[in-house]
Structure formats: C-alpha cells, structure tokens
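**Q** Here it is, the structure in full.
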Amino acid sequence: MPTGENSDHISQEPNNLFLLAKIIFNSFKIFFSTKKISFYIFFFLSFPLSFFLFLLSFLTFPLKNRIQHLEEISLFSSIQVESKHLLEEANKEAKSLLFLKLLFFFPTFLLSFFTVVATVNIAFSICSNGKPTVMKVFTTVKAVWIRVLVTTTCIYATMLACTVMPGMLVAFLETRPFVRVVIEILGSGLELHLMGVMSLALVVSINEGMYGFDAIRFGSGLMEGKWVCGWVLSGLFVLFSGFIRDTMEMAMAMAMDGSDFERVESTVVINLLWDNVVWILLYALVVQWSCVATTVFYFDLKKRDSIKSDRDSEISLV
C-alpha cells in the first residue's frame, strides 16, 4: 500500500516542461507584482551593473583583438628579433587589459552581489506570501553578506577549476580534432550543469543560512530529479545574455570599421553606449529575471522536497 501511494505521488509531480512553464510564468508575475521595489533594484543595481559590463567590453574589445593580432603576426614572422618584439608588445597590451579588468572588478562584483541578494530576497518573500520592503532587503543584505561572499568564492573556484581543465585538454589534443570536439561538447555540458547548480546554491546560501560548499551540495541535492529543468533554465539565461553580448560585439566591430584596433576613442565608446542603450536595459532585466526565476525554481524544489520528506515519514510510521 505505501509503495502504491508513493508511486501515485511521483506520477502526480509536474513534468519538466510544465514546471518550466510554471517557473517562467511565476517569475514574470513576481516582476509585475513588485514593480516599485523591482524598479529601485533595476535603477540602482542591475542597470549600473549592465552599464559597467558593457563599458568594460567596449574598452577591452580593441585590446583583445590587438593582442590576438600581434600574437598571430609573431607566429608567422621569420625574423626572431621581430617576433620577440611583437610578443613583448602583446604582453604590454595584455597588462593593460588586466589593469582594466581589475579596475572594473570591484564595482561590478559589488553591484552583482547586491543585485542577486536583493532580487532573491524579494522573490522569496513573494513566494512565501510575504510583503517585501526596502528595509527588509537592507536587513537581509546585512545578515547574509558574509555567507554569500564565502559561497560566491567557492562558486568562482569551482567554475574556474571545471572550465580550465577542458580548455587545457583541448590545447593538449590539438592534433586530434574529433577528440577536441567531444571534449568541448562535454565541457559545455558540464559548464551548463554547474551554472544551474551554482545559481541555486546562491539562493540556498541566502535563504538557508548555509556557507560555501555546503550550499553547493544542498543545491545539487535539491535539483535531483529535476536536472533537465535546471539545465533548460541555465540554457535560457546563457542564450539571452549570449545573444545580447554577441550583438554588442558586432556593434563594436562595425564601429571599428576595419581599423588596426590600436585604441578606441572616448567619443566612439560614448556613441556605442548610446546606440546600445536598449541592449544594456535588456541585459539588466535578464540579470534580474534570472535571479527571480532561480528563486521560484528553488521554492518549488523545496516544497517538493518537503512533501516527499513528509510522505517518507508517514510511510516509515506505517
């Protein structure tokens, strides 16, 4: 009898497609039901974050292309002195690129940190039938910032380790194109899976009081049985953000218009930012929406896990 009841319960669980549609619908519903406070987060956090990310991309795009250009020329240079000079110049440009990235790291990190914590807190309050306020958001940020910082550090370390290894294998197996393609596909799949788990781990860290790898393990356990839904959500975020970034890079390439990628003028950057303001706004919205959707997904998984635990307790008593 208990086994039959458990089977009925499992069959009543929504499939991945229905759950995905439910998550997307509820995430948009939360956006519209919290217009005022969501606008504050958008105006003061997610939009400045998007602006800085686009600005960094516009500033570093010519540097990246010039470094690649210098390295390619050095490979085909028959004169050793000239090749060495080109590599030294590429190294100098790489230092400038690193400096720019470090310059933008702290403001972008802080903005993304507060955007995630604030958006997750609001979405969780709505899912719990609560009423989010600005003061509650500030209180939550003050209470959770240490554990979220620890979890974020662990996430960065894990993502770096799991994305660098496939890249090293691809470089090592340069003479075996088929194996390289297989590794790249597997690496992309692993990265997509990790993105789903890590985004859920951040929500867990904010709402469950867990730190670091404990939050990652808990988030991975929650996703068990609903991996496909998590992968599709991660894929949607990657698809939307990737499309916006690709459009931005195309705009940058057109603005350079065949130049030698020496430096980009400030007026060109300003014009690019203005011409792409719609994409900057959309990217900011995608960042917020991804946090809301992940929180809705987490809430549904928690409810499902709670129901399953209750039924397991009932079965053990019988």
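We label chains A, B, ... in the order they appear in the structure tokens, count residues from 1 in each chain, and number ligands from 1 in the order shown.
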Give one line per residue of range 43-121 of chain A that approaches range 201-222 of chain A to at most 10 Å, naming the two atoms of the closest pair and their distance in Å to one decimal, counting only C-alpha atoms; sort by chain then ascending residue number and deliver it as a Markdown table.
**A**
```
| residue | atom | partner | partner_atom | distance |
| --- | --- | --- | --- | --- |
| A:Val116 | CA | A:Leu202 | CA | 8.4 |
| A:Val117 | CA | A:Ile206 | CA | 7.0 |
| A:Ala118 | CA | A:Ile206 | CA | 9.8 |
| A:Val120 | CA | A:Val203 | CA | 6.7 |
| A:Asn121 | CA | A:Ile206 | CA | 7.8 |
```
